[in-house]
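**Q** Next up is a structure, given as structure tokens.
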Amino acid sequence: MLQAQRAARLLSGLRPDLLISSDLQRARRTAEELATVTGLDVEHHEGLRETYAGSWQGLTNAEIRERHPEEFAAWTRGEPVRRGGGELATEVADRAVPVVLDAAGKLPENGTLVVVSHGGTIRTMLGRMLGLEPVLWECFGGLSNCCWSVLGRGARGWRLLEHNAGTLPQPVIGDDT
């Protein structure tokens, strides 16, 4: 919980206008820390839940390799795989991105949205929103606990400004400024 409290103090400096979260317990608790600091209400959404990995859920990589070797090998090659009979990454993006875009559409001009979700879900959202092919979504490394990614609107769509950040973003002079 100390990580969430630290992240909340830092993210409150961005003066968020809207806060949305997965409805799963860990994300809810993290979002509540930011809500406490900012006074914002949290909107909880099922669409922001972590990827459902079917029979893989709760297993270590070694256990998955042992029990589902062909499926695991296909997944590591970047093939679309319903891990353990669960969701495809594209299906996760199909349910999560509309939640984020709907919330972003409610923001005031130059407003800030904070999305509290889970690493795999965030990876699919980033990939889809940045227009990358699904096979490239794994290029985003995992997120450490209570760290974040920052997207901004650029001249040609969404831009990734920071990933796996634990500090506030610094302005960068570039093509769109």
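Following the order of the structure tokens, chains are lettered A, B, ..., residues in each are numbered from 1, and ligands are numbered from 1.
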Leaving out Ala89 in chain A and any residue of its chain fewer than 5 positions from it, which residues lie within 12 Å of it when counting only C-alpha atoms, given as a PyMOL selection string?

**A** chain A and resi 50-53+75+78-83+94-97+119-128+133-138

**Q** Could you list, as a list of chain:residue names, every residue within 8 Å of range 13-23 of chain A, counting only C-alpha atoms and ignoring same-chain residues fewer than 3 positions away?

**A**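 In the requested format, the answer is A:Arg9, A:Leu10, A:Ala27, A:Arg28, A:Ala31, A:Ala35, A:Thr38, A:Leu40, A:Asp41, A:Val42, A:Glu43, A:His44, A:His45, A:Glu46, A:Gly47, A:Leu48, A:Arg49, A:Ala103, A:Leu107, A:Pro108, A:Gly111, A:Thr112, A:Leu113, A:Val114, A:Val115, A:Val116, A:Ser117, A:His118, A:Leu168.
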
**Q** Export, as a compact mmCIF listing (two decimals), in the first residue's frame, the selected residues with N, CA and C atoms.

**A**
```txt
# COMPACT_ATOMS: atom_id res chain seq x y z
N ARG A 9 0.51 10.38 -4.47
CA ARG A 9 1.05 11.72 -4.21
C ARG A 9 1.67 12.31 -5.48
N LEU A 10 2.42 11.48 -6.21
CA LEU A 10 3.05 11.97 -7.43
C LEU A 10 2.01 12.28 -8.52
N ALA A 27 -6.53 -3.19 -8.10
CA ALA A 27 -6.63 -1.91 -8.81
C ALA A 27 -7.54 -0.95 -8.06
N ARG A 28 -8.64 -1.45 -7.51
CA ARG A 28 -9.56 -0.61 -6.74
C ARG A 28 -8.84 0.07 -5.59
N ALA A 31 -6.47 2.77 -6.88
CA ALA A 31 -7.23 3.95 -7.33
C ALA A 31 -7.78 4.74 -6.14
N ALA A 35 -7.78 8.71 -5.27
CA ALA A 35 -9.04 9.39 -5.01
C ALA A 35 -8.98 10.14 -3.68
N THR A 38 -6.85 13.32 -4.26
CA THR A 38 -7.37 14.32 -5.21
C THR A 38 -8.81 14.74 -4.94
N LEU A 40 -11.25 13.07 -6.15
CA LEU A 40 -12.02 12.57 -7.29
C LEU A 40 -12.77 11.30 -6.90
N ASP A 41 -13.87 11.06 -7.57
CA ASP A 41 -14.55 9.78 -7.47
C ASP A 41 -13.88 8.82 -8.44
N VAL A 42 -13.94 7.55 -8.14
CA VAL A 42 -13.39 6.53 -9.02
C VAL A 42 -14.54 5.86 -9.77
N GLU A 43 -14.42 5.79 -11.09
CA GLU A 43 -15.36 5.02 -11.90
C GLU A 43 -14.75 3.65 -12.15
N HIS A 44 -15.43 2.60 -11.70
CA HIS A 44 -14.91 1.23 -11.86
C HIS A 44 -15.52 0.60 -13.11
N HIS A 45 -14.67 -0.12 -13.86
CA HIS A 45 -15.10 -0.73 -15.12
C HIS A 45 -14.58 -2.16 -15.24
N GLU A 46 -15.48 -3.08 -15.55
CA GLU A 46 -15.09 -4.47 -15.81
C GLU A 46 -14.15 -4.55 -17.01
N GLY A 47 -14.33 -3.65 -17.98
CA GLY A 47 -13.53 -3.68 -19.19
C GLY A 47 -12.04 -3.45 -18.96
N LEU A 48 -11.68 -2.97 -17.78
CA LEU A 48 -10.27 -2.70 -17.46
C LEU A 48 -9.62 -3.84 -16.67
N ARG A 49 -10.35 -4.96 -16.53
CA ARG A 49 -9.80 -6.10 -15.80
C ARG A 49 -8.59 -6.68 -16.51
N ALA A 103 -13.86 7.65 -21.61
CA ALA A 103 -13.49 8.53 -20.49
C ALA A 103 -12.70 9.74 -21.00
N LEU A 107 -13.23 14.47 -20.92
CA LEU A 107 -12.28 15.40 -20.30
C LEU A 107 -12.45 16.82 -20.81
N PRO A 108 -12.16 17.79 -19.97
CA PRO A 108 -12.09 19.17 -20.48
C PRO A 108 -10.88 19.31 -21.39
N GLY A 111 -7.35 18.15 -20.49
CA GLY A 111 -7.59 17.45 -19.23
C GLY A 111 -6.72 16.21 -19.10
N THR A 112 -6.69 15.68 -17.90
CA THR A 112 -5.87 14.51 -17.59
C THR A 112 -6.75 13.39 -17.05
N LEU A 113 -6.58 12.22 -17.65
CA LEU A 113 -7.27 11.01 -17.24
C LEU A 113 -6.25 10.07 -16.61
N VAL A 114 -6.58 9.49 -15.47
CA VAL A 114 -5.76 8.44 -14.88
C VAL A 114 -6.54 7.14 -14.97
N VAL A 115 -5.89 6.12 -15.53
CA VAL A 115 -6.48 4.79 -15.69
C VAL A 115 -5.70 3.83 -14.80
N VAL A 116 -6.38 3.18 -13.87
CA VAL A 116 -5.73 2.21 -13.00
C VAL A 116 -6.19 0.83 -13.46
N SER A 117 -5.23 0.04 -13.93
CA SER A 117 -5.58 -1.26 -14.47
C SER A 117 -4.47 -2.25 -14.13
N HIS A 118 -4.21 -3.18 -15.02
CA HIS A 118 -3.27 -4.28 -14.80
C HIS A 118 -2.30 -4.34 -15.96
N LEU A 168 7.20 12.01 -12.23
CA LEU A 168 6.36 12.81 -13.12
C LEU A 168 7.06 13.05 -14.44
```

**Q** Quick check, in Å to one decimal: how far apart do CA of Leu59 in chain A and CA of Cys139 in chain A lie?

**A**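 We find that CA of Leu59 in chain A and CA of Cys139 in chain A lie 22.8 Å from each other.
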
**Q** Smallest atom-to-atom distance to Ala8 in chain A: which of A:Leu161, A:Ala62, A:Cys147, A:Leu132, using only C-alpha atoms?

**A**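 Smallest separation from Ala8 in chain A among the options: A:Cys147.
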
**Q** When DSSP works through the backbone of this structure, what residues of range 70-167 of chain A end up as strand (DSSP E), shown as a ChimeraX atom specification?

**A** /A:113-116,148-154,157-165

**Q** Name the residues in contact with Leu160 in chain A at a cut-off of 7 Å, using only C-alpha atoms, excluding same-chain residues fewer than 3 positions from it; report them as a compact mmCIF listing (two decimals) with N, CA and C atoms, in the first residue's frame.

**A**
```txt
# COMPACT_ATOMS: atom_id res chain seq x y z
N VAL A 150 2.50 7.09 -19.77
CA VAL A 150 1.89 8.39 -20.07
C VAL A 150 1.70 8.48 -21.58
N LEU A 151 0.45 8.68 -21.99
CA LEU A 151 0.13 8.92 -23.39
C LEU A 151 -0.28 10.37 -23.54
N GLY A 152 0.03 10.94 -24.66
CA GLY A 152 -0.42 12.29 -24.99
C GLY A 152 -0.87 12.31 -26.43
```

**Q** Which distance in Å separates CA of Leu11 in chain A and CA of Leu34 in chain A, to one decimal?

**A**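 Computed distance, CA of Leu11 in chain A to CA of Leu34 in chain A, equals 7.5 Å.
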
**Q** Separation of CA of Val37 in chain A and CA of Val99 in chain A, in Å?

**A**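 Taking CA of Val37 in chain A and CA of Val99 in chain A, their separation equals 23.4 Å.
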
**Q** Give me, as a PyMOL selection string, all polymer residues having an atom no more than 12 Å from Leu2 in chain A, counting only C-alpha atoms and skipping those fewer than 2 positions away in the same chain.

**A** chain A and resi 4-9+29-30+33+145-146

**Q** In chain A, what's helix (DSSP H, G or I) per DSSP? Answer as a ChimeraX atom specification?

**A** /A:2-12,25-38,46-48,54-56,61-67,69-76,83-85,89-105,119-129,134-139
